[in-house]
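Participant: Pasting start_0.txt here (compact mmCIF, C-alpha atoms):
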```txt
# COMPACT_ATOMS: atom_id res chain seq x y z
CA MET A 1 44.45 75.54 -9.38
CA GLU A 2 43.51 74.47 -12.88
CA PHE A 3 45.30 75.74 -15.94
CA LYS A 4 42.95 77.81 -18.12
CA ASP A 5 43.28 77.68 -21.88
CA TYR A 6 42.33 81.19 -22.93
CA TYR A 7 42.59 80.31 -26.60
CA GLN A 8 40.04 77.57 -26.15
CA THR A 9 37.75 80.00 -24.29
CA LEU A 10 37.74 82.32 -27.29
CA GLY A 11 37.67 79.44 -29.77
CA VAL A 12 40.78 80.48 -31.67
CA ALA A 13 44.10 78.82 -32.52
CA ARG A 14 47.26 79.82 -30.68
CA GLU A 15 48.93 81.44 -33.63
CA VAL A 16 46.09 83.72 -34.78
CA PRO A 17 46.85 87.43 -35.21
CA ALA A 18 45.51 90.05 -32.80
CA ASP A 19 42.59 91.14 -34.98
CA GLU A 20 41.28 87.55 -35.15
CA ILE A 21 41.28 87.49 -31.36
CA ARG A 22 39.34 90.73 -31.28
CA LYS A 23 36.81 89.39 -33.78
CA ALA A 24 36.31 86.19 -31.82
CA PHE A 25 35.92 88.16 -28.61
CA ARG A 26 33.27 90.48 -30.06
CA LYS A 27 31.27 87.60 -31.42
CA LEU A 28 31.22 85.98 -27.98
CA ALA A 29 30.65 89.30 -26.20
CA ARG A 30 27.48 89.68 -28.22
CA LYS A 31 26.41 86.07 -27.69
CA TYR A 32 26.87 86.20 -23.91
CA HIS A 33 25.95 89.82 -23.27
CA PRO A 34 24.21 89.51 -19.89
CA ASP A 35 21.41 91.93 -20.77
CA VAL A 36 20.21 90.12 -23.85
CA SER A 37 21.63 86.59 -23.83
CA LYS A 38 19.22 83.69 -23.50
CA GLU A 39 22.04 81.31 -22.57
CA PRO A 40 21.51 80.05 -19.00
CA ASP A 41 25.13 80.58 -17.93
CA ALA A 42 25.69 83.80 -19.88
CA GLU A 43 27.12 85.79 -17.01
CA ALA A 44 29.68 83.16 -16.06
CA ARG A 45 30.67 82.62 -19.69
CA MET A 46 31.01 86.38 -20.24
CA LYS A 47 33.42 86.56 -17.29
CA GLU A 48 35.55 83.80 -18.76
CA VAL A 49 35.53 85.46 -22.17
CA ASN A 50 36.46 88.84 -20.65
CA GLU A 51 39.29 87.27 -18.72
CA ALA A 52 40.64 85.45 -21.76
CA TYR A 53 40.47 88.63 -23.81
CA ALA A 54 42.16 90.70 -21.08
CA VAL A 55 45.17 88.42 -21.41
CA LEU A 56 45.22 87.68 -25.13
CA SER A 57 44.54 91.26 -26.26
CA ASP A 58 47.53 92.59 -24.33
CA PRO A 59 50.73 91.74 -26.24
CA GLU A 60 52.88 91.48 -23.10
CA LYS A 61 50.43 89.33 -21.19
CA ARG A 62 49.81 87.17 -24.22
CA ALA A 63 53.55 86.58 -24.74
CA ALA A 64 54.06 85.66 -21.09
CA TYR A 65 51.01 83.41 -21.13
CA ASP A 66 52.16 81.70 -24.35
CA GLN A 67 55.55 80.95 -22.88
CA LEU A 68 53.96 79.45 -19.81
CA GLY A 69 51.12 77.70 -21.58
CA ARG A 70 53.21 75.42 -23.80
CA ALA A 71 53.72 73.01 -20.91
CA TYR A 72 50.09 72.77 -19.77
CA ARG A 73 46.78 71.33 -20.87
CA PRO A 74 43.44 72.89 -19.89
CA GLY A 75 42.19 71.69 -16.52
CA GLU A 76 45.60 70.39 -15.56
CA GLU A 77 46.79 71.13 -12.02
CA PHE A 78 48.84 74.29 -12.23
CA ARG A 79 51.37 76.17 -10.13
CA PRO A 80 53.18 79.08 -11.70
CA PRO A 81 56.96 78.58 -11.51
CA PRO A 82 58.81 81.22 -9.49
CA ASP A 83 59.74 84.28 -11.54
CA TRP A 84 57.85 82.90 -14.51
CA ASP A 85 57.07 86.45 -15.56
CA ALA A 86 60.65 87.74 -15.39
CA GLY A 87 61.34 89.83 -18.46
CA PHE A 88 57.72 90.80 -19.05
CA GLU A 89 56.29 94.11 -18.03
CA PHE A 90 52.60 94.22 -17.17
CA SER A 91 50.54 97.24 -16.48
CA HIS A 92 48.81 96.24 -13.30
CA HIS A 93 46.51 99.17 -12.87
CA ASP A 94 43.83 97.45 -14.94
CA PHE A 95 43.58 94.56 -12.52
CA GLN A 96 39.95 93.92 -11.66
CA GLY A 97 40.58 91.16 -9.20
CA ALA A 98 37.07 90.45 -8.09
CA ASP A 99 35.88 89.80 -11.64
CA PHE A 100 38.54 87.33 -12.65
CA SER A 101 39.54 83.83 -11.64
CA ASP A 102 42.15 82.72 -9.12
CA PHE A 103 44.20 81.56 -12.08
CA PHE A 104 44.28 85.07 -13.50
CA ALA A 105 45.00 86.61 -10.10
CA GLU A 106 47.88 84.20 -9.57
CA LEU A 107 49.46 85.08 -12.92
CA PHE A 108 48.79 88.74 -13.36
CA GLY A 109 47.78 89.98 -9.97
CA ARG A 110 50.98 91.58 -8.84
CA MET A 111 50.43 95.17 -7.96
CA GLY A 112 51.57 97.72 -5.46
CA ALA A 113 50.09 97.57 -2.00
CA ARG A 114 47.41 100.18 -1.56
CA GLY A 115 47.72 102.70 1.19
CA HIS A 116 44.10 102.66 2.20
CA GLY A 117 41.17 100.34 2.30
CA GLN A 118 38.92 99.96 -0.71
CA ASP A 119 35.24 100.44 -0.92
CA HIS A 120 33.39 97.31 -1.84
CA TYR A 121 30.30 97.09 -3.87
CA ALA A 122 27.98 94.13 -3.98
CA LYS A 123 24.44 93.33 -4.95
CA VAL A 124 22.21 91.85 -2.33
CA LEU A 125 19.06 89.96 -3.22
CA LEU A 126 16.28 90.28 -0.68
CA ASP A 127 12.77 89.01 -0.24
CA VAL A 128 10.08 91.67 -0.44
CA GLU A 129 9.23 90.89 3.19
CA ASP A 130 12.74 91.97 4.21
CA ALA A 131 11.94 95.54 3.18
CA PHE A 132 9.22 95.60 5.82
CA LEU A 133 10.89 93.71 8.62
CA GLY A 134 14.60 94.28 8.00
CA ALA A 135 16.91 91.32 7.55
CA ALA A 136 20.27 89.83 8.38
CA ARG A 137 22.28 88.47 5.46
CA GLN A 138 25.59 86.80 4.92
CA ILE A 139 27.46 88.23 2.01
CA SER A 140 30.50 86.63 0.40
CA LEU A 141 33.00 88.95 -1.17
CA ARG A 142 36.08 88.06 -3.16
CA VAL A 143 38.67 90.51 -2.01
CA PRO A 144 42.08 90.96 -3.60
CA LYS A 145 44.69 90.70 -0.83
CA VAL A 146 48.27 91.79 -1.31
CA ASP A 147 50.90 89.59 0.28
CA ALA A 148 54.39 90.58 1.47
CA GLY A 149 55.83 89.95 -2.01
CA GLY A 150 53.41 92.35 -3.62
CA ARG A 151 51.44 89.53 -5.22
CA VAL A 152 47.68 89.57 -5.19
CA ALA A 153 45.54 86.62 -4.23
CA LEU A 154 41.78 86.55 -4.08
CA GLU A 155 40.43 85.87 -0.66
CA SER A 156 36.83 85.00 0.14
CA ARG A 157 35.39 86.86 3.04
CA THR A 158 31.98 86.39 4.58
CA LEU A 159 30.27 89.32 6.20
CA ASN A 160 27.19 89.39 8.37
CA VAL A 161 25.25 92.50 7.46
CA LYS A 162 22.07 93.95 8.82
CA ILE A 163 19.63 95.30 6.26
CA PRO A 164 17.41 97.97 7.78
CA ALA A 165 13.65 97.97 7.18
CA GLY A 166 12.48 100.47 4.57
CA VAL A 167 14.96 99.66 1.78
CA ARG A 168 13.83 100.09 -1.81
CA GLU A 169 14.65 98.41 -5.11
CA GLY A 170 17.89 99.77 -6.51
CA GLN A 171 18.79 101.63 -3.34
CA LEU A 172 22.35 101.79 -2.07
CA ILE A 173 23.11 100.99 1.54
CA ARG A 174 26.44 102.09 2.93
CA LEU A 175 27.93 100.02 5.75
CA ALA A 176 30.76 102.11 7.11
CA GLY A 177 34.08 100.38 7.69
CA GLN A 178 33.03 96.97 6.33
CA GLY A 179 34.87 97.11 3.02
CA ALA A 180 38.35 95.75 2.44
CA ALA A 181 40.91 96.65 5.05
CA GLY A 182 44.07 98.20 3.67
CA ALA A 183 47.03 99.64 5.49
CA GLY A 184 44.85 102.51 6.67
CA LYS A 185 41.24 102.66 7.64
CA PRO A 186 38.95 100.12 6.02
CA GLY A 187 36.66 101.28 3.24
CA ASP A 188 32.89 101.16 3.24
CA LEU A 189 30.78 98.30 2.01
CA LEU A 190 28.19 99.45 -0.50
CA LEU A 191 25.22 97.21 -1.13
CA GLU A 192 22.81 97.60 -4.02
CA VAL A 193 19.41 96.26 -3.01
CA HIS A 194 17.31 94.08 -5.30
CA PHE A 195 14.25 92.03 -4.59
CA LYS A 196 13.61 88.47 -5.70
CA PRO A 197 10.54 88.06 -7.88
CA HIS A 198 7.53 87.25 -5.73
CA PRO A 199 4.34 85.52 -6.89
CA ARG A 200 2.07 88.12 -5.21
CA TYR A 201 4.10 91.24 -4.61
CA ARG A 202 5.84 93.65 -6.94
CA VAL A 203 7.90 96.56 -5.72
CA ASP A 204 8.11 99.80 -7.66
CA GLY A 205 10.24 102.36 -5.87
CA ARG A 206 8.71 102.53 -2.45
CA ASP A 207 5.25 101.37 -3.56
CA LEU A 208 4.08 97.81 -3.18
CA HIS A 209 1.78 96.38 -5.85
CA VAL A 210 -0.43 93.45 -4.95
CA ASP A 211 -3.05 91.58 -6.98
CA LEU A 212 -6.25 91.24 -5.00
CA PRO A 213 -8.69 88.58 -6.20
CA VAL A 214 -12.30 89.43 -5.28
CA ALA A 215 -15.62 87.64 -5.69
CA PRO A 216 -18.19 89.28 -8.05
CA TRP A 217 -20.49 90.16 -5.12
CA GLU A 218 -17.60 91.73 -3.18
CA ALA A 219 -16.84 93.94 -6.16
CA ALA A 220 -20.49 94.72 -6.91
CA LEU A 221 -21.77 95.31 -3.39
CA GLY A 222 -18.61 96.56 -1.76
CA ALA A 223 -16.88 94.80 1.11
CA VAL A 224 -14.26 95.12 3.78
CA LEU A 225 -11.53 92.57 3.10
CA ARG A 226 -8.63 91.43 5.19
CA VAL A 227 -5.50 91.63 3.06
CA GLU A 228 -2.22 89.97 4.01
CA VAL A 229 0.79 92.15 3.25
CA PRO A 230 4.36 91.77 4.48
CA GLY A 231 3.92 94.38 7.21
CA GLY A 232 0.93 92.48 8.67
CA ALA A 233 -2.71 92.09 7.68
CA LEU A 234 -4.90 95.14 7.13
CA ASN A 235 -8.58 95.77 6.44
CA VAL A 236 -9.34 97.33 3.09
CA ARG A 237 -12.70 98.68 2.01
CA ILE A 238 -13.69 97.75 -1.52
CA PRO A 239 -16.10 100.37 -2.86
CA ALA A 240 -19.40 99.12 -4.31
CA GLY A 241 -19.37 98.82 -8.09
CA ALA A 242 -15.61 98.19 -8.35
CA GLN A 243 -14.51 96.62 -11.59
CA SER A 244 -11.72 94.18 -12.35
CA GLY A 245 -8.47 96.06 -12.98
CA ARG A 246 -9.33 98.93 -10.66
CA VAL A 247 -6.39 99.90 -8.49
CA LEU A 248 -6.99 100.94 -4.88
CA ARG A 249 -4.30 103.02 -3.26
CA VAL A 250 -3.77 102.66 0.48
CA ARG A 251 -1.55 105.56 1.46
CA GLY A 252 1.49 104.94 3.61
CA LYS A 253 1.17 101.14 3.62
CA GLY A 254 3.92 100.44 1.08
CA ILE A 255 7.56 100.05 1.98
CA PRO A 256 8.16 101.74 5.35
CA ALA A 257 10.79 104.13 4.02
CA GLU A 258 10.93 107.77 5.02
CA PRO A 259 8.38 108.86 3.77
CA PRO A 260 6.62 105.49 3.38
CA GLY A 261 5.33 104.28 0.03
CA ASP A 262 1.77 103.30 -0.84
CA LEU A 263 0.10 99.94 -1.16
CA LEU A 264 -1.55 99.51 -4.56
CA LEU A 265 -4.16 96.79 -4.77
CA ALA A 266 -5.17 95.72 -8.26
CA LEU A 267 -8.63 94.17 -8.09
CA ARG A 268 -9.20 91.05 -10.09
CA VAL A 269 -12.75 89.76 -10.14
CA VAL A 270 -12.74 85.97 -10.08
CA LEU A 271 -15.90 84.18 -11.19
CA PRO A 272 -17.09 81.10 -9.36
CA GLY A 273 -17.51 78.16 -11.74
CA ALA A 274 -21.00 77.11 -12.79
CA ASP A 275 -20.16 73.58 -11.76
CA THR A 276 -22.98 72.81 -9.34
CA PRO A 277 -26.75 72.89 -10.01
CA LYS A 278 -27.10 75.76 -7.53
CA ALA A 279 -24.38 77.84 -9.18
CA ARG A 280 -25.89 77.21 -12.63
CA GLU A 281 -29.28 78.30 -11.34
CA LEU A 282 -27.86 81.54 -9.95
CA TYR A 283 -26.09 82.38 -13.20
CA GLU A 284 -29.21 81.57 -15.20
CA GLN A 285 -31.29 83.74 -12.92
CA MET A 286 -28.88 86.66 -13.40
CA ALA A 287 -28.95 86.16 -17.15
CA ARG A 288 -32.74 86.27 -17.08
CA ASP A 289 -33.28 89.07 -14.59
CA LEU A 290 -30.41 91.48 -15.18
CA ALA A 291 -30.52 93.65 -18.26
CA PHE A 292 -26.78 93.50 -18.61
CA ASP A 293 -24.69 93.80 -21.75
CA PRO A 294 -20.96 93.97 -21.01
CA ARG A 295 -20.35 95.11 -24.62
CA ALA A 296 -22.80 98.01 -24.52
CA GLY A 297 -20.95 101.16 -25.40
CA THR A 298 -17.91 99.38 -26.87
CA MET B 1 14.81 110.68 -2.53
CA SER B 2 16.14 112.06 0.73
CA ASP B 3 17.23 108.70 2.11
CA GLU B 4 19.14 107.74 -1.04
CA GLU B 5 22.74 106.88 -0.35
CA LEU B 6 24.91 108.23 -3.15
CA LEU B 7 28.45 107.54 -4.28
CA THR B 8 31.16 110.14 -4.68
CA LEU B 9 32.98 110.42 -8.01
CA GLU B 10 35.96 108.61 -6.49
CA GLU B 11 33.83 105.74 -5.21
CA LEU B 12 32.11 105.43 -8.56
CA THR B 13 35.44 105.18 -10.36
CA VAL B 14 36.68 102.46 -7.97
CA VAL B 15 33.44 100.48 -8.12
CA CYS B 16 33.24 100.62 -11.92
CA ALA B 17 36.99 100.54 -12.70
CA VAL B 18 36.89 103.72 -14.80
CA THR B 19 38.85 106.96 -14.55
CA PRO B 20 37.41 110.22 -13.23
CA ALA B 21 38.10 111.79 -16.64
CA TRP B 22 36.01 109.09 -18.34
CA VAL B 23 33.09 109.92 -16.06
CA ARG B 24 33.49 113.70 -16.28
CA VAL B 25 33.39 113.79 -20.07
CA ARG B 26 30.23 111.69 -20.18
CA VAL B 27 28.45 113.70 -17.52
CA GLU B 28 29.33 116.94 -19.30
CA GLU B 29 28.08 115.51 -22.60
CA GLY B 30 24.79 114.59 -20.92
CA LEU B 31 25.31 110.85 -21.44
CA LEU B 32 25.42 110.04 -17.75
CA PRO B 33 23.20 111.46 -15.03
CA ALA B 34 24.87 112.90 -11.93
CA ALA B 35 23.14 114.24 -8.84
CA PRO B 36 24.28 117.67 -7.60
CA GLU B 37 27.89 117.85 -6.38
CA TRP B 38 28.94 114.88 -8.51
CA ARG B 39 27.06 112.22 -6.62
CA PHE B 40 25.91 108.98 -8.22
CA SER B 41 23.12 106.48 -7.53
CA ALA B 42 22.98 102.73 -8.07
CA VAL B 43 21.28 103.46 -11.39
CA ALA B 44 24.38 105.40 -12.43
CA VAL B 45 26.63 102.51 -11.37
CA ARG B 46 24.72 100.13 -13.62
CA ARG B 47 24.80 102.62 -16.45
CA VAL B 48 28.53 103.31 -16.15
CA ARG B 49 29.31 99.58 -16.16
CA ARG B 50 27.14 99.00 -19.21
CA MET B 51 28.46 101.96 -21.15
CA HIS B 52 32.06 101.18 -20.26
CA ALA B 53 31.71 97.53 -21.28
CA LEU B 54 30.06 98.47 -24.59
CA GLU B 55 32.71 101.04 -25.42
CA ARG B 56 35.52 98.66 -24.49
CA ASP B 57 34.15 95.45 -26.01
CA PHE B 58 32.89 96.88 -29.29
CA ASP B 59 34.91 100.09 -29.66
CA ALA B 60 31.53 101.83 -29.48
CA ALA B 61 31.31 105.62 -29.55
CA PRO B 62 30.19 106.98 -26.16
CA GLU B 63 26.96 108.31 -27.69
CA LEU B 64 26.14 104.87 -29.10
CA ALA B 65 26.90 103.16 -25.77
CA ALA B 66 24.63 105.69 -24.03
CA LEU B 67 21.84 105.06 -26.54
CA MET B 68 22.16 101.32 -25.95
CA ALA B 69 22.12 101.94 -22.17
CA ASP B 70 18.89 103.96 -22.60
CA LEU B 71 17.30 101.02 -24.41
CA LEU B 72 18.51 98.50 -21.85
CA GLU B 73 17.15 100.63 -19.00
CA GLU B 74 13.78 100.77 -20.72
CA LEU B 75 13.93 97.01 -21.19
CA ASP B 76 14.67 96.60 -17.45
CA ALA B 77 11.66 98.73 -16.54
CA LEU B 78 9.33 96.82 -18.86
CA ARG B 79 10.59 93.47 -17.64
CA ALA B 80 10.02 94.57 -14.03
CA ARG B 81 6.40 95.40 -14.87
CA LEU B 82 5.89 91.97 -16.40
CA ARG B 83 6.91 90.21 -13.21
```
Show me, as structure tokens, the structure contained in the file I just sent.
Facilitator:
Amino acid sequence: MEFKDYYQTLGVAREVPADEIRKAFRKLARKYHPDVSKEPDAEARMKEVNEAYAVLSDPEKRAAYDQLGRAYRPGEEFRPPPDWDAGFEFSHHDFQGADFSDFFAELFGRMGARGHGQDHYAKVLLDVEDAFLGAARQISLRVPKVDAGGRVALESRTLNVKIPAGVREGQLIRLAGQGAAGAGKPGDLLLEVHFKPHPRYRVDGRDLHVDLPVAPWEAALGAVLRVEVPGGALNVRIPAGAQSGRVLRVRGKGIPAEPPGDLLLALRVVLPGADTPKARELYEQMARDLAFDPRAGT
Amino acid sequence: MSDEELLTLEELTVVCAVTPAWVRVRVEEGLLPAAPEWRFSAVAVRRVRRMHALERDFDAAPELAALMADLLEELDALRARLR
């Protein structure tokens, strides 16, 4: 395990007073705030900053860390000496094991063994197609495990989970008994479903939005088109005189939840290029023969 | 939303590392939505985590953290439509 220099993470000197540490933390918390930060590694950096602040903002933890840290350089191989924390009293109830590093867990992770299993909560990123067909996923969880000495270590655990068809963006799935096992019955695993961005599909609740490019004659004359959607292809009738931007709703063909969502097809008229003599001739003929002004009435 | 799986208050507090009292006050003040019988959706989980982090990191008043969460939720919705 590598030694982590929490002072370096916050960009402050070792001897700075507590309010300087708070100021440095807030500056970085704003910079790496995951909702607004443009930094590519914002989430990872925010975790490091949070971890550093959790130690350095707590006088007891900071004192224990300072005593320990004098002998180490950042990145150096590190093993905490036995009873290194003797004489310091930590409040362990604020331990958020899964969010912090192994280094933190090793130092500050001592806490009483829990009597029952814990629920676990994780985000799972699915393809839109998975909502139609269901999916199997492997999920890695970092689970705090309490050893015989009451010390906590983070353990990686891989779970095979089955995602049922019909899940929606932001939905919770509860997998009973798949959370962390404690002394009693294991808790549930709770998964929050999100979909990866897809070039053609967009999910909104249980509705599926799809862009549907159509030729000018298909839009003008009407047509029956075969449209590929994750649940399989279906035939869709385009009404004559449809304009670009018109949205056709096909009831019940969205995500197969209970009740199912709708499929929303946004028509986009695509013009063929006038790049052959024949195509030019056709456009010129339309220009001559059709009394058409797209700006009439605007 | 009949098929929506919801969290109990206890599960929410474990998942978000907050106390039940913290949640109760904010629900009663109307800063945090709860389904009937103190049940919470994934949207509430995200909101609790955001509000809690803002209050903790910046000593923000709960009302200010809730206002910021409102704005971030709107931003999420607009970004989703841009995709």
Participant: Do a neighbour search on region 22-35 of chain B at 8 Å with only C-alpha atoms, toss out local chain neighbours closer than 2 positions, and write the hits as a list of chain:residue names.
Facilitator: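 Residues near the query, excluding close chain neighbours: B:Thr13, B:Val18, B:Thr19, B:Pro20, B:Glu37, B:Trp38, B:Arg39, B:Phe40, B:Ser41, B:Ala44, B:Arg47, B:Val48, B:Pro62, B:Glu63, B:Ala66.
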Participant: Show me, as a ChimeraX atom specification, every residue of chain A with an atom at most 9 Å from chain B, counting only C-alpha atoms.
Facilitator: /A:22,25-26,29,35-36,50,94-96,118-121,170-174,190,192-193,197-199,202-204,257-259
Participant: One decimal, in Å: what's the spacing between CA of Phe108 (chain A) and CA of Pro17 (chain A)?
Facilitator: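 Computed distance, CA of Phe108 (chain A) to CA of Pro17 (chain A), equals 22.0 Å.
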Participant: If you measure from CA of Leu191 (chain A) to CA of Ala52 (chain A), what distance in Å do you get, rounded to one decimal?
Facilitator: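 CA of Leu191 (chain A) sits 28.3 Å away from CA of Ala52 (chain A).
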Participant: Using all atoms listed in the file, which residue out of A:Val161, A:Ala131, A:Val236, A:Gly273 lies closest to Gly205 (chain A)?
Facilitator: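 Looking at the shortest contact to Gly205 (chain A), the residue is A:Ala131.
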Participant: Set the distance at 10 Å and use all atoms listed in the file: which residues neighbour Pro216 (chain A) once local chain neighbours fewer than 4 positions away are removed? I'd like the list as a ChimeraX atom specification.
Facilitator: /A:220-222,241-244,268-272
Participant: Could you work out how far CA of Ala122 (chain A) lies from CA of Ser140 (chain A), giving the answer in Å with one decimal?
Facilitator: 9.0 Å
Participant: Need to verify the contact set: Leu10 (chain A), 12 Å, all atoms listed in the file, exclusion of same-chain residues closer than 3 positions in sequence. Can you return it as JSON, numbers by chain?
Facilitator: {"A": [4, 5, 6, 7, 13, 14, 16, 20, 21, 22, 23, 24, 25, 26, 27, 28, 29, 31, 45, 46, 47, 48, 49, 50, 51, 52, 53, 54, 55, 56, 57]}
